[in-house]
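Here is the structure we will look at.
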Amino acid sequence: MRPIWVVDDDHSIRWVLQKAISREGIPCEIFSSAAEVLERLETDVPQVLVSDIRMPGQSGLDLLSKVRELQPDLPVIIMTAYSDLDSAVSAFQGGAFEYLPKPFDIEKAVELILRAVRESQAEEFVEEADAGAPEILGQAPAMQEVFRAIGRLSQSNVTVLITGESGAGKELVARALHRHSPRATNPFIALNTAAIPKDLLESELFGHERGSFTGAQAQRRGRFEQAEGGTLFLDEIGDMPAELQTRLLRVLSDGHFYRVGGQQPIKANVRVIAATHQDLDERVKQGLFREDLYHRLNVIRLRLPPLRERQEDIPILAKHFLGVSARELGTETKRLSDAAVRVICEFPFPGNVRQLENVCRWITVMAPAQLVEARDLPPELKAFQTGVLPVAEQAPATPAASNLWLAETGPTMPAGVPYVGGSGMSAGKYPFESSAPETVTNAQVPLGSASWLELLFLEAEKALESGKPDVMDALTAQFETTMIQAALKATHGKRIEAAQRLGIGRNTITRKIQDLNIDVKDID
């Protein structure tokens, strides 16, 4: 492995970092000035460069700028003071991997450097070329059905109704239908009928004559005229007012329309593609949508699957959106670690592809490194990962309902892990009532997505009502024991890796194993 380079005019900081990095089995070289680093860069390249920001001669930011020119892929960590916000911002704008605030915890510093090492060793990300990028991304069987339908309709002018949840990409499908149709060389005009006020929607669709209403100072062409010879995409058609449904039906029936205030019929040579997230069959039954218009629109129906039904497409979509966001913002494209991909793939994405795109924009702006870990994801994804749901989605809060719910769901605890509630859901036994906590020896009871929070609340409530002292310490000790045991099991007993996954220092996990008397002999 190539060495880590540390440059700082303070000898003590160089010495401490060199010793800490060497203990991890990684070679480390130290420099006292930016000039020494630049001279060495002519013949060698480090794995990671760690630089102080304020040094005699050239500053860390000057060094960063020159390193980015010479070695644009080299991760650079800038050390700066806590209060030096301008320097931190400048470091990020200059392309720094991360900044390390002084005074720093040596374990956190080593953890950050190791993360930069993993980043530098990762495969180079190859951005998708604009020309080669497909119109719609998707490998899932449900999307392949959509692609086949677009292919079959490629030489047709038939009216199409696209159904699917909000954010699923209905307009993309409509554009693909237009692009692969005989009308491709003519306009594609899109109108969201739910976004236009009712009083203006008629004029938007059909245009108006001068003086036809107050404010109509000139003649205006509507969307039907603008789409002449091409395709008119009417999104959220289910929200169209009843009177406009009648006018739209007339256009679809005889191919003519009138501008608002107009006397002469205008022939419409337009293909209509409509879309909705609503159940039009149900709206017809409720009298909210004309049945005859529904049948006019529903000649060919395409159902666009929600993102949760095509989870295998999430990684390629995320990669695409990260590339697009990076190009828009003029930054390097960020990559998702395997752990981050797993979290994103498990998230239900109620906002579908649009929500995934927004998540990728958030990551591009807010994630601290080029290699995005699970801990760098937006709050809503991390909350879902830990099972913390919004209050409205959690288990019933009333005592009777909670007891019933707990009896039906209960916790899942690995064998041998101390459990504050004893062997039953409501046994009421606590470790501070006996010399040692009870354990769940053979239980593997299903755990609801938020049940551990509900259980924690009930156990704390019972403990507090019992009048026993040190409730916080007792429950915290059990929580930490369980977390450390789970982390050691996941890492096959590797303490350093377990500490990294938990977000604590190596010395901290060692101390807690001793203080909590955690038996690690059987953890492999």
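As shown in the structure tokens, the chain order sets the letters A, B, ...; within each chain, residues go from 1, and ligands are also counted from 1 in the order they appear.
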**Item:** Those in range 174-296 of chain A with helix (DSSP H, G or I) from DSSP, as an NGL selection string
**Value:** :A and (174-179 or 198-206 or 223-226 or 237-239 or 242-254 or 280-285 or 291-296)
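From CA of Val48 in chain A back to CA of Pro3 in chain A, the distance works out to 7.4 Å.
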**Asked** Near range 243-256 of chain A, within 8 Å and counting only C-alpha atoms, which residues show up once chain neighbours fewer than 3 positions away are dropped, as a ChimeraX atom specification?
**Response** /A:202,240,265-269,289-290,292-293,296
So which residues touch Asp473 in chain A within 12 Å, counting only C-alpha atoms, skipping near sequence neighbours fewer than 3 positions away, as a PDB file with N, CA and C atoms, in the first residue's frame?
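Wrote it out as out.pdb, contents follow:
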ATOM      1  N   PRO A 431     -33.146  -6.617  35.904  1.00  0.00           N
ATOM      2  CA  PRO A 431     -31.852  -7.042  36.421  1.00  0.00           C
ATOM      3  C   PRO A 431     -31.564  -6.503  37.819  1.00  0.00           C
ATOM      4  N   PHE A 432     -32.167  -5.336  38.129  1.00  0.00           N
ATOM      5  CA  PHE A 432     -31.898  -4.788  39.452  1.00  0.00           C
ATOM      6  C   PHE A 432     -32.773  -5.428  40.517  1.00  0.00           C
ATOM      7  N   ALA A 460     -38.992   0.993  30.603  1.00  0.00           N
ATOM      8  CA  ALA A 460     -38.591   2.146  31.409  1.00  0.00           C
ATOM      9  C   ALA A 460     -39.722   2.568  32.347  1.00  0.00           C
ATOM     10  N   ALA A 463     -39.949   0.109  35.200  1.00  0.00           N
ATOM     11  CA  ALA A 463     -38.812   0.266  36.102  1.00  0.00           C
ATOM     12  C   ALA A 463     -38.962   1.509  36.975  1.00  0.00           C
ATOM     13  N   LYS A 468     -37.154   1.539  41.908  1.00  0.00           N
ATOM     14  CA  LYS A 468     -35.756   1.143  42.009  1.00  0.00           C
ATOM     15  C   LYS A 468     -34.846   2.266  41.526  1.00  0.00           C
ATOM     16  N   PRO A 469     -33.654   2.388  42.128  1.00  0.00           N
ATOM     17  CA  PRO A 469     -32.742   3.472  41.734  1.00  0.00           C
ATOM     18  C   PRO A 469     -31.968   3.131  40.458  1.00  0.00           C
ATOM     19  N   ASP A 470     -31.342   4.154  39.888  1.00  0.00           N
ATOM     20  CA  ASP A 470     -30.398   3.986  38.778  1.00  0.00           C
ATOM     21  C   ASP A 470     -31.014   3.291  37.561  1.00  0.00           C
ATOM     22  N   THR A 476     -29.249   1.561  30.189  1.00  0.00           N
ATOM     23  CA  THR A 476     -28.184   1.955  29.272  1.00  0.00           C
ATOM     24  C   THR A 476     -27.120   0.869  29.172  1.00  0.00           C
ATOM     25  N   ALA A 477     -26.790   0.262  30.298  1.00  0.00           N
ATOM     26  CA  ALA A 477     -25.790  -0.808  30.289  1.00  0.00           C
ATOM     27  C   ALA A 477     -26.247  -1.976  29.431  1.00  0.00           C
ATOM     28  N   GLN A 478     -27.530  -2.326  29.544  1.00  0.00           N
ATOM     29  CA  GLN A 478     -28.044  -3.437  28.741  1.00  0.00           C
ATOM     30  C   GLN A 478     -28.089  -3.078  27.258  1.00  0.00           C
ATOM     31  N   PHE A 479     -28.461  -1.833  26.973  1.00  0.00           N
ATOM     32  CA  PHE A 479     -28.496  -1.384  25.575  1.00  0.00           C
ATOM     33  C   PHE A 479     -27.096  -1.452  24.966  1.00  0.00           C
ATOM     34  N   GLU A 480     -26.101  -0.920  25.680  1.00  0.00           N
ATOM     35  CA  GLU A 480     -24.733  -0.926  25.164  1.00  0.00           C
ATOM     36  C   GLU A 480     -24.205  -2.350  25.023  1.00  0.00           C
ATOM     37  N   LEU A 516     -18.570  -3.543  31.214  1.00  0.00           N
ATOM     38  CA  LEU A 516     -19.864  -4.237  31.178  1.00  0.00           C
ATOM     39  C   LEU A 516     -19.717  -5.749  31.346  1.00  0.00           C
TER      40      LEU A 516
END
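The nearest approach to Ile136 in chain A among the residues A:His320, A:Arg308, A:Arg152, A:Arg54, with only C-alpha atoms taken into account, belongs to A:His320.
Using only C-alpha atoms for every distance, the candidate list A:Cys345, A:Val270, A:Leu201, A:Val50 yields A:Val50 as the residue closest to Val117 in chain A.
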